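Scroll down for the structure; my scribbles are underneath it.
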Amino acid sequence: MRILIFLILNFGAITVFSQSFKQKQLNFERVKDAFENKWPELEHLIKSKGFNAKNFRIFIRVFKEEQKTEIWISKNTRSKFELLKTYQIARSSGILGPKRAEGDFQVPEGFYYIDRFNPLSSYYLSLGINYPNESDKILGKEKPGSDIFIHGSDVTVGCVPLTDDKIKEVYALAVQARNCGQEKIEVHIFPFEMSEKNLEARKYDNNYIFWKSIQPGFLHFENEKDLPEVEIYENGKYHFK
């Protein structure tokens, strides 16, 4: 009997330990609901664009002025990205320009990645970004703030809300991509679509120098449809390869 109990207990421990990232996420009711209600349509969309719904990676791009969040998809690190879907941002706070201090109501601008999956968010579901990054820490105030998310609901203070309905889709896509082996889901946040025309129209703005410094990252993706290598210098300035 003791041997049987030992085997049962250890088999259970092995089963829990061997769960995939997606299986662990599906233990949460909201994530389970997201996959049950949103994944069939998303899977169809992915396949209709010629991708394998069990082997892909994603990239998230946010434009503050245009109030949109884009989800891009590619097959692997060697293939180009294609636009999968665009979501309207439900609400915004602050003005155009980077986030530099805690409580300034600003949505960050720069180059980030998803560093947290929160299936128990106060805003239904949420994906945390790694703000403040090294650039923000150097260029920002002593307390640059933290806890910036792409989340549900239609209220925000410095985050990117998509409504509960739409965050189900984005969260499910991010979980699936992570489960496919994508450890780093990049998130680029821009004040606006940074064409030369759009940027030059703001050449007298106080943020022009900063915006000019991040424009090459935008243009790289626009032209190449792959992600630039992003470095941050000691002065906080971005550099792209």
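We name chains A, B, ... following the order of the structure tokens; residues begin at 1 in each chain, and ligands are numbered from 1 as shown.
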I'd like a table as JSON lines: residues in stretch 73-99 of chain A with an atom no more than 12 Å from stretch 39-45 of chain A, each row giving the shortest atom pair and its distance in Å to one decimal, only C-alpha atoms counted, sorted by chain and rising residue number.
{"residue": "A:Ile73", "atom": "CA", "partner": "A:Leu45", "partner_atom": "CA", "distance": 11.1}
{"residue": "A:Leu83", "atom": "CA", "partner": "A:Leu45", "partner_atom": "CA", "distance": 11.2}
{"residue": "A:Leu84", "atom": "CA", "partner": "A:Leu45", "partner_atom": "CA", "distance": 7.8}
{"residue": "A:Lys85", "atom": "CA", "partner": "A:Leu45", "partner_atom": "CA", "distance": 9.1}
Give me the residues of stretch 159-182 of chain A that have any atom at most 9 Å from an atom of stretch 23-35 of chain A; for each, the nearest atom pair and the distance in Å, rounded to one decimal. Use only C-alpha atoms, sort by chain and number, and format it as CSV.
residue,atom,partner,partner_atom,distance
A:Asp165,CA,A:Ala34,CA,8.6
A:Ile167,CA,A:Ala34,CA,8.7
A:Lys168,CA,A:Ala34,CA,4.9
A:Glu169,CA,A:Ala34,CA,6.8
A:Tyr171,CA,A:Val31,CA,7.9
A:Ala172,CA,A:Phe35,CA,6.2
A:Val175,CA,A:Gln25,CA,7.7
A:Asn179,CA,A:Gln23,CA,9.0
Can I get the selected residues back with N, CA and C atoms, as an mmCIF file, in the first residue's frame?
data_model
loop_
_atom_site.group_PDB
_atom_site.id
_atom_site.type_symbol
_atom_site.label_atom_id
_atom_site.label_comp_id
_atom_site.auth_asym_id
_atom_site.auth_seq_id
_atom_site.Cartn_x
_atom_site.Cartn_y
_atom_site.Cartn_z
ATOM 1 N N ASP A 165 -12.867 41.565 -24.187
ATOM 2 C CA ASP A 165 -13.090 40.684 -25.329
ATOM 3 C C ASP A 165 -11.835 40.545 -26.181
ATOM 4 N N ILE A 167 -8.595 41.349 -25.360
ATOM 5 C CA ILE A 167 -7.403 40.847 -24.685
ATOM 6 C C ILE A 167 -7.411 39.319 -24.661
ATOM 7 N N LYS A 168 -8.587 38.717 -24.721
ATOM 8 C CA LYS A 168 -8.643 37.254 -24.806
ATOM 9 C C LYS A 168 -7.875 36.765 -26.023
ATOM 10 N N GLU A 169 -8.046 37.442 -27.144
ATOM 11 C CA GLU A 169 -7.370 37.037 -28.380
ATOM 12 C C GLU A 169 -5.867 37.258 -28.284
ATOM 13 N N TYR A 171 -3.992 37.653 -25.625
ATOM 14 C CA TYR A 171 -3.403 36.805 -24.592
ATOM 15 C C TYR A 171 -3.247 35.372 -25.105
ATOM 16 N N ALA A 172 -4.281 34.860 -25.780
ATOM 17 C CA ALA A 172 -4.212 33.498 -26.322
ATOM 18 C C ALA A 172 -3.102 33.374 -27.354
ATOM 19 N N VAL A 175 0.204 33.319 -25.443
ATOM 20 C CA VAL A 175 0.401 32.025 -24.779
ATOM 21 C C VAL A 175 0.810 30.961 -25.791
ATOM 22 N N ASN A 179 4.252 28.975 -26.008
ATOM 23 C CA ASN A 179 4.227 27.518 -25.961
ATOM 24 C C ASN A 179 4.961 26.905 -27.153
#
From a DSSP pass on the backbone, collect the residues of stretch 108-169 of chain A flagged as strand (DSSP E or B) and hand them back as a PyMOL selection string.
chain A and resi 110-121+124-129+149-151+160-161
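For the set A:Arg116, A:Lys203, A:Lys49, A:Lys22, the residue with the smallest atom-to-atom gap to A:Tyr131 is A:Arg116, counting only C-alpha atoms.
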As a PDB file with N, CA and C atoms, in the first residue's frame, please: the residues near stretch 132-141 of chain A (cut-off 10 Å, only C-alpha atoms, same-chain neighbours under 3 positions excluded).
ATOM      1  N   PRO A  98       7.502  60.042 -24.349  1.00  0.00           N
ATOM      2  CA  PRO A  98       7.854  58.883 -23.527  1.00  0.00           C
ATOM      3  C   PRO A  98       7.431  59.039 -22.072  1.00  0.00           C
ATOM      4  N   LYS A  99       7.361  57.923 -21.383  1.00  0.00           N
ATOM      5  CA  LYS A  99       7.109  57.943 -19.938  1.00  0.00           C
ATOM      6  C   LYS A  99       8.443  58.167 -19.236  1.00  0.00           C
ATOM      7  N   ARG A 100       8.455  59.138 -18.328  1.00  0.00           N
ATOM      8  CA  ARG A 100       9.709  59.455 -17.657  1.00  0.00           C
ATOM      9  C   ARG A 100       9.618  59.435 -16.134  1.00  0.00           C
ATOM     10  N   ALA A 101       8.404  59.371 -15.589  1.00  0.00           N
ATOM     11  CA  ALA A 101       8.283  59.424 -14.127  1.00  0.00           C
ATOM     12  C   ALA A 101       7.039  58.688 -13.663  1.00  0.00           C
ATOM     13  N   GLU A 102       7.122  58.144 -12.482  1.00  0.00           N
ATOM     14  CA  GLU A 102       5.971  57.500 -11.854  1.00  0.00           C
ATOM     15  C   GLU A 102       4.843  58.515 -11.689  1.00  0.00           C
ATOM     16  N   PRO A 108       4.514  54.409 -22.145  1.00  0.00           N
ATOM     17  CA  PRO A 108       5.922  54.419 -22.582  1.00  0.00           C
ATOM     18  C   PRO A 108       6.053  54.458 -24.106  1.00  0.00           C
ATOM     19  N   GLU A 109       7.221  54.858 -24.554  1.00  0.00           N
ATOM     20  CA  GLU A 109       7.592  54.784 -25.969  1.00  0.00           C
ATOM     21  C   GLU A 109       8.977  54.183 -26.052  1.00  0.00           C
ATOM     22  N   GLY A 110       9.139  53.163 -26.868  1.00  0.00           N
ATOM     23  CA  GLY A 110      10.436  52.517 -26.983  1.00  0.00           C
ATOM     24  C   GLY A 110      10.303  51.058 -27.345  1.00  0.00           C
ATOM     25  N   PHE A 111      11.324  50.278 -26.981  1.00  0.00           N
ATOM     26  CA  PHE A 111      11.454  48.901 -27.434  1.00  0.00           C
ATOM     27  C   PHE A 111      11.486  47.966 -26.219  1.00  0.00           C
ATOM     28  N   TYR A 112      10.491  47.104 -26.150  1.00  0.00           N
ATOM     29  CA  TYR A 112      10.263  46.296 -24.961  1.00  0.00           C
ATOM     30  C   TYR A 112       9.987  44.846 -25.348  1.00  0.00           C
ATOM     31  N   TYR A 113       9.677  44.042 -24.329  1.00  0.00           N
ATOM     32  CA  TYR A 113       9.216  42.667 -24.553  1.00  0.00           C
ATOM     33  C   TYR A 113       8.298  42.262 -23.410  1.00  0.00           C
ATOM     34  N   ILE A 129       4.912  44.415 -19.791  1.00  0.00           N
ATOM     35  CA  ILE A 129       6.116  44.709 -20.570  1.00  0.00           C
ATOM     36  C   ILE A 129       7.226  45.130 -19.620  1.00  0.00           C
ATOM     37  N   PRO A 144      10.997  56.084 -12.229  1.00  0.00           N
ATOM     38  CA  PRO A 144      10.376  56.105 -13.559  1.00  0.00           C
ATOM     39  C   PRO A 144       9.006  55.430 -13.612  1.00  0.00           C
ATOM     40  N   GLY A 145       8.617  54.745 -12.549  1.00  0.00           N
ATOM     41  CA  GLY A 145       7.362  54.007 -12.559  1.00  0.00           C
ATOM     42  C   GLY A 145       7.572  52.565 -12.978  1.00  0.00           C
ATOM     43  N   SER A 146       6.485  51.804 -13.009  1.00  0.00           N
ATOM     44  CA  SER A 146       6.575  50.386 -13.370  1.00  0.00           C
ATOM     45  C   SER A 146       5.166  49.858 -13.650  1.00  0.00           C
ATOM     46  N   ASP A 147       5.068  48.542 -13.818  1.00  0.00           N
ATOM     47  CA  ASP A 147       3.785  47.857 -14.000  1.00  0.00           C
ATOM     48  C   ASP A 147       2.982  48.421 -15.170  1.00  0.00           C
ATOM     49  N   ILE A 148       3.560  48.325 -16.346  1.00  0.00           N
ATOM     50  CA  ILE A 148       2.885  48.717 -17.581  1.00  0.00           C
ATOM     51  C   ILE A 148       2.431  47.444 -18.291  1.00  0.00           C
ATOM     52  N   GLU A 231      20.159  47.809 -29.163  1.00  0.00           N
ATOM     53  CA  GLU A 231      21.124  48.010 -28.091  1.00  0.00           C
ATOM     54  C   GLU A 231      20.842  49.352 -27.415  1.00  0.00           C
ATOM     55  N   ILE A 232      21.253  49.472 -26.184  1.00  0.00           N
ATOM     56  CA  ILE A 232      21.070  50.724 -25.440  1.00  0.00           C
ATOM     57  C   ILE A 232      22.432  51.189 -24.950  1.00  0.00           C
ATOM     58  N   TYR A 233      22.821  52.371 -25.380  1.00  0.00           N
ATOM     59  CA  TYR A 233      24.106  52.927 -24.993  1.00  0.00           C
ATOM     60  C   TYR A 233      24.069  53.454 -23.555  1.00  0.00           C
ATOM     61  N   GLU A 234      25.254  53.802 -23.040  1.00  0.00           N
ATOM     62  CA  GLU A 234      25.353  54.279 -21.660  1.00  0.00           C
ATOM     63  C   GLU A 234      24.605  55.584 -21.437  1.00  0.00           C
ATOM     64  N   ASN A 235      24.390  56.346 -22.522  1.00  0.00           N
ATOM     65  CA  ASN A 235      23.644  57.602 -22.398  1.00  0.00           C
ATOM     66  C   ASN A 235      22.139  57.398 -22.540  1.00  0.00           C
ATOM     67  N   GLY A 236      21.706  56.137 -22.676  1.00  0.00           N
ATOM     68  CA  GLY A 236      20.292  55.815 -22.789  1.00  0.00           C
ATOM     69  C   GLY A 236      19.766  55.797 -24.205  1.00  0.00           C
ATOM     70  N   LYS A 237      20.595  56.149 -25.173  1.00  0.00           N
ATOM     71  CA  LYS A 237      20.156  56.205 -26.558  1.00  0.00           C
ATOM     72  C   LYS A 237      20.089  54.807 -27.169  1.00  0.00           C
ATOM     73  N   TYR A 238      19.071  54.579 -27.982  1.00  0.00           N
ATOM     74  CA  TYR A 238      18.925  53.297 -28.679  1.00  0.00           C
ATOM     75  C   TYR A 238      19.873  53.244 -29.879  1.00  0.00           C
TER      76      TYR A 238
END
Write out as a PDB file with C-alpha atoms, in the first residue's frame all residues of stretch 64-232 of chain A that DSSP puts in helix (DSSP H, G or I) for this structure's backbone.
ATOM      1  CA  GLU A 134      17.673  50.421 -19.393  1.00  0.00           C
ATOM      2  CA  SER A 135      16.983  53.457 -21.598  1.00  0.00           C
ATOM      3  CA  ASP A 136      14.039  54.497 -19.430  1.00  0.00           C
ATOM      4  CA  LYS A 137      16.126  54.137 -16.269  1.00  0.00           C
ATOM      5  CA  ILE A 138      18.863  56.352 -17.672  1.00  0.00           C
ATOM      6  CA  LEU A 139      16.668  59.000 -19.298  1.00  0.00           C
ATOM      7  CA  ASP A 164     -11.870  42.201 -22.067  1.00  0.00           C
ATOM      8  CA  ASP A 165     -13.090  40.684 -25.329  1.00  0.00           C
ATOM      9  CA  LYS A 166      -9.992  41.598 -27.351  1.00  0.00           C
ATOM     10  CA  ILE A 167      -7.403  40.847 -24.685  1.00  0.00           C
ATOM     11  CA  LYS A 168      -8.643  37.254 -24.806  1.00  0.00           C
ATOM     12  CA  GLU A 169      -7.370  37.037 -28.380  1.00  0.00           C
ATOM     13  CA  VAL A 170      -4.048  38.774 -27.778  1.00  0.00           C
ATOM     14  CA  TYR A 171      -3.403  36.805 -24.592  1.00  0.00           C
ATOM     15  CA  ALA A 172      -4.212  33.498 -26.322  1.00  0.00           C
ATOM     16  CA  LEU A 173      -1.883  34.352 -29.209  1.00  0.00           C
ATOM     17  CA  ALA A 174       0.898  35.235 -26.783  1.00  0.00           C
ATOM     18  CA  VAL A 175       0.401  32.025 -24.779  1.00  0.00           C
ATOM     19  CA  GLN A 176       0.425  29.924 -27.939  1.00  0.00           C
ATOM     20  CA  ALA A 177       3.554  31.666 -29.253  1.00  0.00           C
ATOM     21  CA  ARG A 178       5.308  31.145 -25.931  1.00  0.00           C
ATOM     22  CA  ASN A 179       4.227  27.518 -25.961  1.00  0.00           C
ATOM     23  CA  GLU A 196       9.698  60.947 -42.404  1.00  0.00           C
ATOM     24  CA  LYS A 197       6.697  63.136 -43.203  1.00  0.00           C
ATOM     25  CA  ASN A 198       5.005  62.498 -39.848  1.00  0.00           C
ATOM     26  CA  LEU A 199       8.201  63.072 -37.898  1.00  0.00           C
ATOM     27  CA  GLU A 200       9.186  66.269 -39.694  1.00  0.00           C
ATOM     28  CA  TYR A 208      11.624  65.503 -31.484  1.00  0.00           C
ATOM     29  CA  ILE A 209      15.210  64.480 -30.677  1.00  0.00           C
ATOM     30  CA  PHE A 210      14.030  61.386 -28.805  1.00  0.00           C
ATOM     31  CA  TRP A 211      11.579  60.483 -31.558  1.00  0.00           C
ATOM     32  CA  LYS A 212      14.286  60.931 -34.188  1.00  0.00           C
ATOM     33  CA  SER A 213      16.474  58.517 -32.219  1.00  0.00           C
ATOM     34  CA  ILE A 214      13.861  55.733 -32.231  1.00  0.00           C
ATOM     35  CA  GLN A 215      12.726  56.239 -35.831  1.00  0.00           C
ATOM     36  CA  PRO A 216      15.433  53.887 -37.270  1.00  0.00           C
ATOM     37  CA  GLY A 217      13.883  51.008 -35.304  1.00  0.00           C
ATOM     38  CA  PHE A 218      10.511  51.742 -36.868  1.00  0.00           C
ATOM     39  CA  LEU A 219      11.960  52.105 -40.369  1.00  0.00           C
ATOM     40  CA  HIS A 220      13.953  48.878 -40.081  1.00  0.00           C
ATOM     41  CA  PHE A 221      10.819  46.867 -39.464  1.00  0.00           C
ATOM     42  CA  GLU A 222       8.831  48.796 -42.083  1.00  0.00           C
ATOM     43  CA  ASN A 223      11.429  48.074 -44.744  1.00  0.00           C
ATOM     44  CA  GLU A 224      12.631  44.598 -43.770  1.00  0.00           C
TER      45      GLU A 224
END
Counting only C-alpha atoms, figure out which residue out of A:Lys68, A:Pro228, A:Val187, A:Ile95 gets nearest to A:Asp115.
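Smallest distance to A:Asp115 is found for A:Val187.
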Contacts of A:Phe56 at 9 Å or less, counting only C-alpha atoms, minus same-chain residues fewer than 3 places along, as a list of chain:residue names?
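So the residues in contact are A:Phe51, A:Asn52, A:Ala53, A:Ile73, A:Ser74, A:Lys75, A:Asn76, A:Gln176, A:Ala177, A:Cys180, A:Gly181, A:Gln182.
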Write out as an mmCIF file with N, CA and C atoms, in the first residue's frame each polymer residue whose atoms come within 7 Å of A:Phe105, counting only C-alpha atoms; drop sequence neighbours fewer than 3 positions from it.
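Output saved as out_5.cif:
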data_model
loop_
_atom_site.group_PDB
_atom_site.id
_atom_site.type_symbol
_atom_site.label_atom_id
_atom_site.label_comp_id
_atom_site.auth_asym_id
_atom_site.auth_seq_id
_atom_site.Cartn_x
_atom_site.Cartn_y
_atom_site.Cartn_z
ATOM 1 N N SER A 93 -4.146 57.507 -21.993
ATOM 2 C CA SER A 93 -3.887 58.509 -20.971
ATOM 3 C C SER A 93 -2.607 59.248 -21.331
ATOM 4 N N GLY A 94 -2.431 60.429 -20.757
ATOM 5 C CA GLY A 94 -1.238 61.205 -21.043
ATOM 6 C C GLY A 94 -1.275 61.828 -22.431
ATOM 7 N N VAL A 157 -4.184 53.891 -16.880
ATOM 8 C CA VAL A 157 -3.266 54.949 -16.460
ATOM 9 C C VAL A 157 -1.881 54.517 -16.932
ATOM 10 N N GLY A 158 -1.558 54.839 -18.170
ATOM 11 C CA GLY A 158 -0.243 54.533 -18.711
ATOM 12 C C GLY A 158 -0.105 53.170 -19.375
#
Using atom CA of A:Gln67 and atom CA of A:His239 as the two end points, give the distance in Å to one decimal.
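Result for atom CA of A:Gln67 versus atom CA of A:His239: 26.0 Å, one decimal.
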